[in-house]
Each structure stands twice: as structure tokens, then as C-alpha cells.
>>> print(open('coords.pdb').read())   # PDB, C-alpha atoms
ATOM      1  CA  GLN A 303     157.578 114.019  84.657  1.00  0.00           C
ATOM      2  CA  VAL A 304     158.948 110.877  83.058  1.00  0.00           C
ATOM      3  CA  GLN A 305     157.536 109.842  79.724  1.00  0.00           C
ATOM      4  CA  LEU A 306     158.081 106.507  78.023  1.00  0.00           C
ATOM      5  CA  VAL A 307     157.079 105.797  74.436  1.00  0.00           C
ATOM      6  CA  GLU A 308     157.244 102.276  73.039  1.00  0.00           C
ATOM      7  CA  SER A 309     157.430 101.346  69.387  1.00  0.00           C
ATOM      8  CA  GLY A 310     158.159  98.340  67.227  1.00  0.00           C
ATOM      9  CA  GLY A 311     155.245  96.037  67.928  1.00  0.00           C
ATOM     10  CA  GLY A 312     153.360  94.247  65.197  1.00  0.00           C
ATOM     11  CA  VAL A 313     152.360  90.913  63.754  1.00  0.00           C
ATOM     12  CA  VAL A 314     154.988  88.270  63.078  1.00  0.00           C
ATOM     13  CA  GLN A 315     154.946  84.576  62.277  1.00  0.00           C
ATOM     14  CA  ALA A 316     156.144  82.031  64.791  1.00  0.00           C
ATOM     15  CA  GLY A 317     159.912  81.764  64.669  1.00  0.00           C
ATOM     16  CA  GLY A 318     160.286  85.356  63.603  1.00  0.00           C
ATOM     17  CA  SER A 319     161.856  88.355  65.307  1.00  0.00           C
ATOM     18  CA  LEU A 320     160.874  91.826  66.428  1.00  0.00           C
ATOM     19  CA  ARG A 321     162.686  94.646  68.161  1.00  0.00           C
ATOM     20  CA  LEU A 322     160.832  96.897  70.546  1.00  0.00           C
ATOM     21  CA  SER A 323     162.129 100.332  71.478  1.00  0.00           C
ATOM     22  CA  CYS A 324     161.295 102.539  74.428  1.00  0.00           C
ATOM     23  CA  ALA A 325     162.308 106.179  74.312  1.00  0.00           C
ATOM     24  CA  ALA A 326     162.463 108.007  77.614  1.00  0.00           C
ATOM     25  CA  SER A 327     162.377 111.637  78.599  1.00  0.00           C
ATOM     26  CA  GLY A 328     162.161 113.683  81.757  1.00  0.00           C
ATOM     27  CA  ARG A 329     165.204 112.757  83.862  1.00  0.00           C
ATOM     28  CA  THR A 330     168.752 111.390  83.782  1.00  0.00           C
ATOM     29  CA  PHE A 331     168.106 108.145  81.962  1.00  0.00           C
ATOM     30  CA  SER A 332     171.316 106.378  82.927  1.00  0.00           C
ATOM     31  CA  ASN A 333     170.513 106.573  86.647  1.00  0.00           C
ATOM     32  CA  TYR A 334     167.448 104.365  86.444  1.00  0.00           C
ATOM     33  CA  GLY A 335     166.732 100.716  85.900  1.00  0.00           C
ATOM     34  CA  MET A 336     164.419  99.796  83.050  1.00  0.00           C
ATOM     35  CA  GLY A 337     162.219  96.805  82.473  1.00  0.00           C
ATOM     36  CA  TRP A 338     159.754  95.248  80.076  1.00  0.00           C
ATOM     37  CA  PHE A 339     156.523  93.632  81.152  1.00  0.00           C
ATOM     38  CA  ARG A 340     153.848  91.951  79.092  1.00  0.00           C
ATOM     39  CA  GLN A 341     150.208  91.126  79.562  1.00  0.00           C
ATOM     40  CA  ALA A 342     148.243  88.666  77.520  1.00  0.00           C
ATOM     41  CA  PRO A 343     144.415  88.656  77.465  1.00  0.00           C
ATOM     42  CA  GLY A 344     143.042  87.073  80.606  1.00  0.00           C
ATOM     43  CA  LYS A 345     146.474  86.737  82.213  1.00  0.00           C
ATOM     44  CA  GLU A 346     148.393  88.621  84.857  1.00  0.00           C
ATOM     45  CA  ARG A 347     151.119  91.027  83.913  1.00  0.00           C
ATOM     46  CA  GLU A 348     154.452  89.263  83.589  1.00  0.00           C
ATOM     47  CA  TYR A 349     157.844  90.792  84.412  1.00  0.00           C
ATOM     48  CA  ILE A 350     160.073  89.481  81.657  1.00  0.00           C
ATOM     49  CA  VAL A 351     163.325  91.447  81.447  1.00  0.00           C
ATOM     50  CA  ALA A 352     165.201  94.246  83.180  1.00  0.00           C
ATOM     51  CA  ILE A 353     168.450  96.157  82.905  1.00  0.00           C
ATOM     52  CA  SER A 354     170.288  98.343  85.394  1.00  0.00           C
ATOM     53  CA  GLY A 355     171.095 101.969  84.689  1.00  0.00           C
ATOM     54  CA  SER A 356     174.662 101.251  83.667  1.00  0.00           C
ATOM     55  CA  GLY A 357     173.655  98.126  81.747  1.00  0.00           C
ATOM     56  CA  SER A 358     175.905  95.940  83.871  1.00  0.00           C
ATOM     57  CA  ARG A 359     173.083  93.806  85.256  1.00  0.00           C
ATOM     58  CA  THR A 360     170.203  92.120  83.481  1.00  0.00           C
ATOM     59  CA  TYR A 361     167.300  89.873  84.384  1.00  0.00           C
ATOM     60  CA  TYR A 362     165.398  87.427  82.182  1.00  0.00           C
ATOM     61  CA  ALA A 363     162.338  85.446  83.082  1.00  0.00           C
ATOM     62  CA  ASP A 364     162.583  81.753  82.290  1.00  0.00           C
ATOM     63  CA  SER A 365     159.860  82.155  79.676  1.00  0.00           C
ATOM     64  CA  VAL A 366     162.077  84.384  77.510  1.00  0.00           C
ATOM     65  CA  LYS A 367     165.621  83.425  78.501  1.00  0.00           C
ATOM     66  CA  GLY A 368     167.766  82.628  75.486  1.00  0.00           C
ATOM     67  CA  ARG A 369     165.296  84.234  73.073  1.00  0.00           C
ATOM     68  CA  PHE A 370     164.958  87.851  74.225  1.00  0.00           C
ATOM     69  CA  THR A 371     167.705  90.396  74.825  1.00  0.00           C
ATOM     70  CA  ILE A 372     167.382  93.709  76.622  1.00  0.00           C
ATOM     71  CA  SER A 373     169.844  96.506  75.939  1.00  0.00           C
ATOM     72  CA  ARG A 374     170.055 100.249  76.360  1.00  0.00           C
ATOM     73  CA  GLU A 375     171.733 103.191  74.712  1.00  0.00           C
ATOM     74  CA  ASN A 376     171.947 105.856  77.375  1.00  0.00           C
ATOM     75  CA  ALA A 377     173.149 108.447  74.886  1.00  0.00           C
ATOM     76  CA  ARG A 378     169.908 107.902  72.944  1.00  0.00           C
ATOM     77  CA  VAL A 379     167.816 107.557  76.136  1.00  0.00           C
ATOM     78  CA  THR A 380     166.387 104.381  74.689  1.00  0.00           C
ATOM     79  CA  VAL A 381     166.003 100.801  75.859  1.00  0.00           C
ATOM     80  CA  TYR A 382     165.484  97.947  73.427  1.00  0.00           C
ATOM     81  CA  LEU A 383     163.960  94.499  73.568  1.00  0.00           C
ATOM     82  CA  GLN A 384     165.186  92.197  70.836  1.00  0.00           C
ATOM     83  CA  MET A 385     162.852  89.228  70.518  1.00  0.00           C
ATOM     84  CA  THR A 386     163.791  86.168  68.493  1.00  0.00           C
ATOM     85  CA  SER A 387     162.314  82.695  67.999  1.00  0.00           C
ATOM     86  CA  LEU A 388     158.915  84.135  68.800  1.00  0.00           C
ATOM     87  CA  LYS A 389     156.112  81.806  69.807  1.00  0.00           C
ATOM     88  CA  PRO A 390     152.329  82.268  69.746  1.00  0.00           C
ATOM     89  CA  GLU A 391     152.411  82.372  73.548  1.00  0.00           C
ATOM     90  CA  ASP A 392     154.521  85.540  73.331  1.00  0.00           C
ATOM     91  CA  THR A 393     151.435  87.348  72.044  1.00  0.00           C
ATOM     92  CA  ALA A 394     150.704  90.185  74.474  1.00  0.00           C
ATOM     93  CA  VAL A 395     150.799  93.897  75.037  1.00  0.00           C
ATOM     94  CA  TYR A 396     154.368  94.810  75.945  1.00  0.00           C
ATOM     95  CA  TYR A 397     155.043  97.642  78.364  1.00  0.00           C
ATOM     96  CA  CYS A 398     158.252  99.505  79.053  1.00  0.00           C
ATOM     97  CA  ALA A 399     158.768 100.696  82.625  1.00  0.00           C
ATOM     98  CA  ALA A 400     161.254 102.845  84.534  1.00  0.00           C
ATOM     99  CA  SER A 401     162.263 102.461  88.145  1.00  0.00           C
ATOM    100  CA  ARG A 402     161.107 104.837  90.817  1.00  0.00           C
ATOM    101  CA  ASP A 403     164.503 105.242  92.483  1.00  0.00           C
ATOM    102  CA  SER A 404     167.827 106.303  91.061  1.00  0.00           C
ATOM    103  CA  CYS A 405     171.129 104.534  91.472  1.00  0.00           C
ATOM    104  CA  VAL A 406     174.495 105.378  89.985  1.00  0.00           C
ATOM    105  CA  GLY A 407     177.242 102.908  89.141  1.00  0.00           C
ATOM    106  CA  ASP A 408     177.747  99.268  88.276  1.00  0.00           C
ATOM    107  CA  GLY A 409     176.743  98.037  91.731  1.00  0.00           C
ATOM    108  CA  CYS A 410     173.077  98.962  91.413  1.00  0.00           C
ATOM    109  CA  LEU A 411     170.564  96.181  91.859  1.00  0.00           C
ATOM    110  CA  LEU A 412     167.778  95.565  89.405  1.00  0.00           C
ATOM    111  CA  PRO A 413     164.363  96.941  90.343  1.00  0.00           C
ATOM    112  CA  SER A 414     161.815  94.537  91.760  1.00  0.00           C
ATOM    113  CA  THR A 415     158.363  94.467  90.222  1.00  0.00           C
ATOM    114  CA  GLY A 416     157.008  96.926  92.785  1.00  0.00           C
ATOM    115  CA  GLU A 417     159.760  99.455  92.212  1.00  0.00           C
ATOM    116  CA  TYR A 418     158.646 100.608  88.786  1.00  0.00           C
ATOM    117  CA  ALA A 419     156.866 103.941  88.844  1.00  0.00           C
ATOM    118  CA  TYR A 420     156.645 105.001  85.219  1.00  0.00           C
ATOM    119  CA  TRP A 421     155.014 103.148  82.352  1.00  0.00           C
ATOM    120  CA  GLY A 422     154.657 103.445  78.637  1.00  0.00           C
ATOM    121  CA  GLN A 423     151.373 103.099  76.812  1.00  0.00           C
ATOM    122  CA  GLY A 424     152.136  99.584  75.608  1.00  0.00           C
ATOM    123  CA  THR A 425     152.673  98.071  72.181  1.00  0.00           C
ATOM    124  CA  GLN A 426     150.894  95.014  70.820  1.00  0.00           C
ATOM    125  CA  VAL A 427     152.899  91.994  69.711  1.00  0.00           C
ATOM    126  CA  THR A 428     151.010  89.249  67.917  1.00  0.00           C
ATOM    127  CA  VAL A 429     152.702  86.002  66.937  1.00  0.00           C
ATOM    128  CA  SER A 430     150.774  83.869  64.486  1.00  0.00           C
ATOM    129  CA  SER A 431     151.202  80.111  64.262  1.00  0.00           C
TER     130      SER A 431
END
>>> encode(input="coords.pdb", output="C-alpha cells")
Amino acid sequence: QVQLVESGGGVVQAGGSLRLSCAASGRTFSNYGMGWFRQAPGKEREYIVAISGSGSRTYYADSVKGRFTISRENARVTVYLQMTSLKPEDTAVYYCAASRDSCVGDGCLLPSTGEYAYWGQGTQVTVSS
């Protein structure tokens, strides 16, 4: 059973920064792609960033490109989301997710939105103007 636990959310002023962490347990962490999603009130869930198991590939949605950075420390079984230049529209619950399928090596593709099978409980990020 895979478990994901997010931390690091909170309230920050516009222009500020936050770092979210997601600690994983239950399987060989480095064999699985990881992603972050967010959902604001009244809006659909948005797939914002992803990283392959080896860390060689990343994905950023246009809405966060240049401001957010995803990284992972496989030795610590943790994935991070560094968020800078935060805007009020970044306010949402942020969810960490792990891919359903394993892949080993630098040639692994990033998971599509439907390929995530494990989810954290979510952490609230609120950006005040």
C-alpha cells in the first residue's frame, strides 16, 4: 500500500514563496513518476507539474512554468514543489500523486493524468493579495 503525506502548505502574501513536500512509503520510490495537482474551489483539478522516477524528465503547466520547480530526493523518498512569485490565483488545495506503473531508467515517460493511482490528503495553499 502506497502512502503519500504532504506538508508545507500555509498562507503567504502575493509574491512570496512556499515549499511543499510529499513523503512516500510502500514501494521503491525511484521507480515511479510523481506529480502535483491542485484544485481551487469551484474549479476542476489541474495537473501542474510532474517528474519521472529518475528525475530526468519534468513537466510544467503553462500556469506555473517559470515560477514552480519540482524535484525529488529518492534517498529521502520525498518529492518537493518549490513555489515562487505566488499569485492569489495559486490558492488551492495541492495534492501529491504517484503513478500506477513502474519504470526504471532515464527513458521513462512522464505519467499522464489518468496514470496516477495514489494520492495524498492534500495541503491548503492560500495566497493573499
>>> closest_residue(input="coords.pdb", among="A:Val395, A:Ala316, A:Met336, A:Ala377", to="Tyr420 of chain A", atoms="all atoms listed in the file")
A:Met336
>>> residues_near_point(input="coords.pdb", point="(167.0, 94.8, 73.4)", cutoff="10 Å", atoms="all atoms listed in the file", output="PyMOL selection string")
chain A and resi 320-324+338+351-353+370-375+380-385
>>> resolve_selection(input="coords.pdb", expression="the PyMOL selection byres ((chain A and resi 362-366) around 8)", output="ChimeraX atom specification")
/A:349-352,360-361,367-370
>>> write_last_selection(input="coords.pdb", atoms="C-alpha atoms", output="PDB file, in the frame of the given file")
ATOM      1  CA  TYR A 349     157.844  90.792  84.412  1.00  0.00           C
ATOM      2  CA  ILE A 350     160.073  89.481  81.657  1.00  0.00           C
ATOM      3  CA  VAL A 351     163.325  91.447  81.447  1.00  0.00           C
ATOM      4  CA  ALA A 352     165.201  94.246  83.180  1.00  0.00           C
ATOM      5  CA  THR A 360     170.203  92.120  83.481  1.00  0.00           C
ATOM      6  CA  TYR A 361     167.300  89.873  84.384  1.00  0.00           C
ATOM      7  CA  LYS A 367     165.621  83.425  78.501  1.00  0.00           C
ATOM      8  CA  GLY A 368     167.766  82.628  75.486  1.00  0.00           C
ATOM      9  CA  ARG A 369     165.296  84.234  73.073  1.00  0.00           C
ATOM     10  CA  PHE A 370     164.958  87.851  74.225  1.00  0.00           C
TER      11      PHE A 370
END
>>> residues_around(input="coords.pdb", residues="Val379 of chain A", least_positions_apart="5", cutoff="12 Å", atoms="all atoms listed in the file", output="list in words")
Val304, Gln305, Leu306, Val307, Ser323, Cys324, Ala325, Ala326, Ser327, Gly328, Arg329, Thr330, Phe331, Ser332, Asn333, Tyr334, Gly335, Met336, Gly355, Ser356, Ser373, Arg374 and Ala400 of chain A
>>> residues_around(input="coords.pdb", residues="Phe339 of chain A", least_positions_apart="4", cutoff="7 Å", atoms="all atoms listed in the file", output="ChimeraX atom specification")
/A:347-350,396-398
>>> closest_residue(input="coords.pdb", among="A:Ala419, A:Leu412, A:Ala394, A:Val313", to="Pro343 of chain A", atoms="only C-alpha atoms")
A:Ala394
>>> atom_distance(input="coords.pdb", atom1="atom CA of Gly422 of chain A", atom2="atom CA of Gly357 of chain A")
20.0 Å
>>> closest_residue(input="coords.pdb", among="A:Val314, A:Cys405, A:Ala399, A:Leu411", to="Gln423 of chain A", atoms="all atoms listed in the file")
A:Ala399
>>> atom_distance(input="coords.pdb", atom1="atom CA of Gly312 of chain A", atom2="atom CA of Ser387 of chain A")
14.9 Å
>>> decode(input="coords.pdb", residues="segment 316-332 of chain A", atoms="all heavy atoms", output="mmCIF file, in the first residue's frame")
data_model
loop_
_atom_site.group_PDB
_atom_site.id
_atom_site.type_symbol
_atom_site.label_atom_id
_atom_site.label_comp_id
_atom_site.auth_asym_id
_atom_site.auth_seq_id
_atom_site.Cartn_x
_atom_site.Cartn_y
_atom_site.Cartn_z
ATOM 1 N N ALA A 316 1.061 37.559 -1.732
ATOM 2 C CA ALA A 316 1.403 37.524 -3.156
ATOM 3 C C ALA A 316 2.864 37.932 -3.343
ATOM 4 O O ALA A 316 3.350 38.863 -2.699
ATOM 5 C CB ALA A 316 0.488 38.450 -3.930
ATOM 6 N N GLY A 317 3.538 37.205 -4.208
ATOM 7 C CA GLY A 317 4.958 37.431 -4.436
ATOM 8 C C GLY A 317 5.857 36.580 -3.572
ATOM 9 O O GLY A 317 7.072 36.520 -3.806
ATOM 10 N N GLY A 318 5.273 35.931 -2.593
ATOM 11 C CA GLY A 318 6.052 35.111 -1.680
ATOM 12 C C GLY A 318 6.320 33.712 -2.216
ATOM 13 O O GLY A 318 5.980 33.385 -3.357
ATOM 14 N N SER A 319 6.920 32.899 -1.351
ATOM 15 C CA SER A 319 7.323 31.540 -1.729
ATOM 16 C C SER A 319 6.882 30.536 -0.674
ATOM 17 O O SER A 319 6.736 30.874 0.506
ATOM 18 C CB SER A 319 8.843 31.465 -1.880
ATOM 19 O OG SER A 319 9.310 32.349 -2.875
ATOM 20 N N LEU A 320 6.697 29.319 -1.128
ATOM 21 C CA LEU A 320 6.430 28.184 -0.244
ATOM 22 C C LEU A 320 7.070 26.953 -0.863
ATOM 23 O O LEU A 320 7.202 26.864 -2.091
ATOM 24 C CB LEU A 320 4.922 27.917 -0.093
ATOM 25 C CG LEU A 320 4.093 28.732 0.887
ATOM 26 C CD1 LEU A 320 2.637 28.346 0.772
ATOM 27 C CD2 LEU A 320 4.591 28.574 2.302
ATOM 28 N N ARG A 321 7.427 26.003 -0.004
ATOM 29 C CA ARG A 321 7.899 24.717 -0.497
ATOM 30 C C ARG A 321 7.029 23.619 0.085
ATOM 31 O O ARG A 321 6.942 23.484 1.309
ATOM 32 C CB ARG A 321 9.368 24.456 -0.155
ATOM 33 C CG ARG A 321 9.891 23.216 -0.852
ATOM 34 C CD ARG A 321 11.363 22.964 -0.601
ATOM 35 N NE ARG A 321 11.615 22.327 0.683
ATOM 36 C CZ ARG A 321 12.705 21.610 0.967
ATOM 37 N NH1 ARG A 321 13.628 21.440 0.031
ATOM 38 N NH2 ARG A 321 12.869 21.095 2.161
ATOM 39 N N LEU A 322 6.432 22.852 -0.801
ATOM 40 C CA LEU A 322 5.645 21.700 -0.383
ATOM 41 C C LEU A 322 6.508 20.442 -0.448
ATOM 42 O O LEU A 322 7.360 20.322 -1.326
ATOM 43 C CB LEU A 322 4.426 21.518 -1.284
ATOM 44 C CG LEU A 322 3.495 22.726 -1.436
ATOM 45 C CD1 LEU A 322 2.304 22.350 -2.310
ATOM 46 C CD2 LEU A 322 3.058 23.267 -0.102
ATOM 47 N N SER A 323 6.257 19.540 0.476
ATOM 48 C CA SER A 323 6.953 18.253 0.487
ATOM 49 C C SER A 323 5.925 17.135 0.446
ATOM 50 O O SER A 323 4.806 17.279 0.944
ATOM 51 C CB SER A 323 7.804 18.112 1.754
ATOM 52 O OG SER A 323 8.780 19.118 1.839
ATOM 53 N N CYS A 324 6.330 16.028 -0.119
ATOM 54 C CA CYS A 324 5.475 14.841 -0.177
ATOM 55 C C CYS A 324 6.350 13.637 0.135
ATOM 56 O O CYS A 324 7.232 13.285 -0.665
ATOM 57 C CB CYS A 324 4.827 14.710 -1.546
ATOM 58 S SG CYS A 324 3.889 13.195 -1.772
ATOM 59 N N ALA A 325 6.107 13.034 1.274
ATOM 60 C CA ALA A 325 6.873 11.865 1.688
ATOM 61 C C ALA A 325 6.108 10.614 1.315
ATOM 62 O O ALA A 325 4.911 10.503 1.575
ATOM 63 C CB ALA A 325 7.114 11.916 3.189
ATOM 64 N N ALA A 326 6.807 9.670 0.711
ATOM 65 C CA ALA A 326 6.170 8.456 0.222
ATOM 66 C C ALA A 326 6.639 7.238 0.995
ATOM 67 O O ALA A 326 7.741 7.216 1.540
ATOM 68 C CB ALA A 326 6.483 8.272 -1.264
ATOM 69 N N SER A 327 5.799 6.234 1.017
ATOM 70 C CA SER A 327 6.183 4.959 1.612
ATOM 71 C C SER A 327 5.417 3.851 0.910
ATOM 72 O O SER A 327 4.380 4.093 0.295
ATOM 73 C CB SER A 327 5.876 4.939 3.116
ATOM 74 O OG SER A 327 4.486 5.072 3.343
ATOM 75 N N GLY A 328 5.953 2.638 0.987
ATOM 76 C CA GLY A 328 5.201 1.494 0.498
ATOM 77 C C GLY A 328 5.761 0.793 -0.715
ATOM 78 O O GLY A 328 5.315 -0.302 -1.035
ATOM 79 N N ARG A 329 6.706 1.410 -1.452
ATOM 80 C CA ARG A 329 7.289 0.715 -2.597
ATOM 81 C C ARG A 329 8.583 1.420 -2.987
ATOM 82 O O ARG A 329 8.956 2.415 -2.385
ATOM 83 C CB ARG A 329 6.312 0.684 -3.763
ATOM 84 C CG ARG A 329 5.888 2.043 -4.265
ATOM 85 C CD ARG A 329 4.874 1.933 -5.383
ATOM 86 N NE ARG A 329 4.572 3.232 -5.955
ATOM 87 C CZ ARG A 329 3.689 3.446 -6.921
ATOM 88 N NH1 ARG A 329 3.018 2.438 -7.443
ATOM 89 N NH2 ARG A 329 3.475 4.657 -7.393
ATOM 90 N N THR A 330 9.233 0.926 -4.028
ATOM 91 C CA THR A 330 10.500 1.509 -4.473
ATOM 92 C C THR A 330 10.235 2.850 -5.126
ATOM 93 O O THR A 330 9.812 2.937 -6.280
ATOM 94 C CB THR A 330 11.211 0.564 -5.448
ATOM 95 O OG1 THR A 330 11.365 -0.715 -4.839
ATOM 96 C CG2 THR A 330 12.582 1.126 -5.809
ATOM 97 N N PHE A 331 10.497 3.893 -4.387
ATOM 98 C CA PHE A 331 10.109 5.252 -4.778
ATOM 99 C C PHE A 331 10.692 5.655 -6.116
ATOM 100 O O PHE A 331 10.002 6.267 -6.953
ATOM 101 C CB PHE A 331 10.563 6.200 -3.670
ATOM 102 C CG PHE A 331 10.234 7.637 -3.896
ATOM 103 C CD1 PHE A 331 8.918 8.081 -3.836
ATOM 104 C CD2 PHE A 331 11.231 8.570 -4.132
ATOM 105 C CE1 PHE A 331 8.609 9.421 -4.022
ATOM 106 C CE2 PHE A 331 10.938 9.904 -4.311
ATOM 107 C CZ PHE A 331 9.624 10.331 -4.258
ATOM 108 N N SER A 332 11.935 5.322 -6.364
ATOM 109 C CA SER A 332 12.623 5.797 -7.560
ATOM 110 C C SER A 332 12.104 5.173 -8.853
ATOM 111 O O SER A 332 12.489 5.605 -9.939
ATOM 112 C CB SER A 332 14.127 5.536 -7.430
ATOM 113 O OG SER A 332 14.372 4.148 -7.280
#
